[in-house]
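*Asks:* Have a look at the structure that comes next, please.
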Amino acid sequence: MSFELILKGFGLNIVDNEKLIDIAYLSIKSTNNWEYRNDEHKPFKAVSIKENDILEHMYQHYLLKQSNSHASVIKSDYSNYEADFSRMTMLKPRLCYLRRNSNRGLWLTFTSSEHVKNIHLRINDIQIDNQLSDHLYDVVFCPVDIPKSISDKFEIEHKHFIEFAAIICPGSINRYKHIQLLIQEFMLQIDLGWIYKIMNVFDIQSAKEETDKELLKHDMDYIERYNSPNELQKYVMNKSYYDFIMFGPLKLHLSINLGEVSDGRSFFLLELLIRLMGSVGEISDTLFRFDYFEKKGLFLGQEELLKQVTDHYKNQALTQFYKLILGLDIIGNPMKLALGFKKGIGDFFYEPAIGIFHGPDEFAEGIKTGVKSLASNVIGGTAGALSRIGSSLGTGVATLTIDDKFQKDRRERINRKTTFAESGKNLFKGIFSGITGVVTKPIEGAKEDGVGGFFKGVGKGVVGVVVQPTTYVIDFASGSLQAFNNAIDPRKIARPKRMARNFNRKEIRPYSHQEATGKLIDCSCLEKDAYTHFDT
């Protein structure tokens, strides 16, 4: 028996149909890959990531030209590449045959016979987006692209994000000849407010804690169950033999935001304390590395194997616990800063030294790469650290305003990654808003909640006179430093695959890109031309 599942891509949307809130969007998509061969009788090989991007850009230019002319030879605007796409041949910088393939979003094959079963799974590109309007992170989970300097230098080809393979020999005792799992470098950005929204949708309740008496009874039942010979034989029969099992190394970029853990039903001072602690406990882009797990010749049950795997990664996580402390934004994430200093200074000396052995052109290129790395990692890293400190202080000060609308507007403003000019404009706007809030806040509160709202508005206005301008001053300094860091060290930022859906009726309808764009523009949450990065 043979079974094959191929999906070019698909999306899964999680919405709260009662409150009409778009919460999360999971997407798996395919990518276009180019291959080459120097001779007709040789197999095709994948080109590097750099060449793949150049050829794809040239091919799209060729498709556009086809509607106006019959020209088939396309020259690259950014390099010395030249290709004839009517014959699928590369002319420069080398002569070879080309082929354009598509990496499927998901590919699964399963074959079974009397003596052996084969499973092979590939997931090309998976991403989970935060679709809430009030959020800190746009993307929750996605692969991390290989740095351009590394992919260009070592000519690395595109890899699938997840690949799993298993060969199983069934029998009275199952034998796993081969199990292998590889996961590429990825990013995880946890916003607890987003997690609570998902828990509310699925009505997930916290697990009931077992008492010591219940745990002891559970252990005694376990001993009695396996004390008899029949049960012992069944226990042995449930074990399997593993010839080879290997889980590849993991590289995780972790960010955590605890600022919105409160559900709004706590006592006022307790909720304020929770939010203040959340602003102090923010962690951004902290790198964790886990070594591979490899075993041979094991005879274990599934629970025992699972325990070995979890212990392997748990012990490594405990040894890296200090990274959570050194990754706090309130102290500037010194772990990230130290790694940046190490890389920047190392590249400054290492790249020219390597280039000098290959020739004068490579030596000059090495100096260029080293200086660029030194500037981006040392100067830009220092500016980024100061920016993170300022952002955390701004979040803590903004919490003191007790004004949810002000805090929401601030988060949306930060998410837009403002420039120097906009930071200055927001500074004056914030100072004016804080001063006039003494009058406007009581009026707004009275309109919403009457007399009680009026007195709440008085409190917000009095506190906001000092706190709001202070917050804007801190955000101005933090935003300016972040803009300086982005100018020195421009990096590719993960973007959402699509915008949050628009709910214009009391029902869930098929997703409309036009309606989602209109909603985003109408809410004034979009910079000029910022929506162009979304997929249609």
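Every chain in the structure tokens has a letter given in the order shown (A, B, ...), and although residue numbers restart at 1 in each chain, ligands are simply numbered from 1 in the order shown.
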Just want the 10 Å neighbourhood of Glu18 of chain A, counted on only C-alpha atoms, with same-chain residues fewer than 6 positions away dropped. Output as a ChimeraX atom specification.

*Replies:* /A:201,506-507

*Asks:* Would you pick out the contacts of Leu324 of chain A at 10 Å or less, using only C-alpha atoms, so that residues sharing its chain but fewer than 5 positions from it are not included, and give the list as a list in words?

*Replies:*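 Contacts, in chain order: Leu254, Ser255, Ile256, Gly281, Glu282, Ile283, Ser284, Thr286, Leu287, Phe288, Asn333 and Met335 of chain A.
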
*Asks:* Could you please determine the separation between atom CA of His120 of chain A and atom CA of Phe244 of chain A in Å, to one decimal place?

*Replies:*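 Those two atoms sit 15.8 Å apart.
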
*Asks:* Which residue out of A:Lys342, A:Lys45, A:Lys92, A:Lys295 has the minimum interatomic distance to Lys177 of chain A when only C-alpha atoms are used?

*Replies:* A:Lys295

*Asks:* Name all residues at most 7 Å from Phe290 of chain A (count only C-alpha atoms; drop same-chain ones fewer than 6 positions away) and give them as a list in words.

*Replies:* Pro249, Leu250, Lys251, Tyr313 and Gln316 of chain A

*Asks:* Let me see the file: selected residues, C-alpha atoms, as a JSON list (two decimals), in the first residue's frame.

*Replies:*
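To be explicit, this is the file written out as part-v3.json:
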```json
[["chain", "number", "residue", "atom", "x", "y", "z"],
["A", 249, "PRO", "CA", 19.90, 20.28, 17.16],
["A", 250, "LEU", "CA", 17.53, 23.15, 17.88],
["A", 251, "LYS", "CA", 18.14, 26.87, 17.67],
["A", 313, "TYR", "CA", 16.12, 19.00, 26.46],
["A", 316, "GLN", "CA", 19.91, 21.78, 28.60]]
```

*Asks:* List the neighbours of segment 53-64 of chain A out to 10 Å using only C-alpha atoms; skip same-chain residues closer than 4 positions along the sequence, and give me the result as a VMD selection string.

*Replies:* chain A and resid 32 to 34 47 to 49 68 to 79 81 to 86 90 98 100

*Asks:* Which residues, written as a PyMOL selection string, have at least one atom at most 9 Å from His513 of chain A, with only C-alpha atoms counted and residues fewer than 5 positions away on the same chain left out?

*Replies:* chain A and resi 498-499+501-502+518+536

*Asks:* What's the 8 Å shell around segment 108-114 of chain A, counting only C-alpha atoms, without same-chain residues fewer than 3 positions away, as a PyMOL selection string?

*Replies:* chain A and resi 1-6+117-122

*Asks:* Atoms to include: C-alpha atoms. Write the selected residues as a PDB file, in the first residue's frame.

*Replies:*
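What landed in result35.pdb:
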```pdb
ATOM      1  CA  MET A   1       0.000   0.000   0.000  1.00  0.00           C
ATOM      2  CA  SER A   2       1.238   3.469  -0.841  1.00  0.00           C
ATOM      3  CA  PHE A   3      -0.199   6.851   0.097  1.00  0.00           C
ATOM      4  CA  GLU A   4       0.992  10.349  -0.846  1.00  0.00           C
ATOM      5  CA  LEU A   5      -0.400  13.697   0.310  1.00  0.00           C
ATOM      6  CA  ILE A   6       0.693  16.913  -1.435  1.00  0.00           C
ATOM      7  CA  LYS A 117       6.533   0.704   6.817  1.00  0.00           C
ATOM      8  CA  ASN A 118       8.032   3.980   5.605  1.00  0.00           C
ATOM      9  CA  ILE A 119       6.920   7.472   6.633  1.00  0.00           C
ATOM     10  CA  HIS A 120       8.408  10.649   5.188  1.00  0.00           C
ATOM     11  CA  LEU A 121       7.116  14.145   5.991  1.00  0.00           C
ATOM     12  CA  ARG A 122       8.300  17.567   4.807  1.00  0.00           C
TER      13      ARG A 122
END
```

*Asks:* Point out the residue among A:Ile190, A:Ile198, A:Ile123, A:Leu215 with the least atom-to-atom distance to Ile21 of chain A, counting only C-alpha atoms.

*Replies:* A:Ile198

*Asks:* Segment 18-50 of chain A: which residues are strand (DSSP E) by DSSP, as a list in words?

*Replies:*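 Matching residues, listed in order: Ile21, Asp22, Ile23, Ala24, Tyr25, Leu26, Ser27, Ile28, Thr31, Asn32, Asn33, Trp34, Glu35, Tyr36, Arg37, Lys45 and Ala46 of chain A.
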
*Asks:* Would you compute the distance between atom CA of Lys429 of chain A and atom CA of Phe476 of chain A? Give it in Å to one decimal.

*Replies:*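 It comes out at 11.4 Å.
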
*Asks:* Please indicate the distance in Å from atom CA of Val15 of chain A to atom CA of Glu163 of chain A, rounded to one decimal place.

*Replies:*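 Atom CA of Val15 of chain A sits 29.5 Å away from atom CA of Glu163 of chain A.
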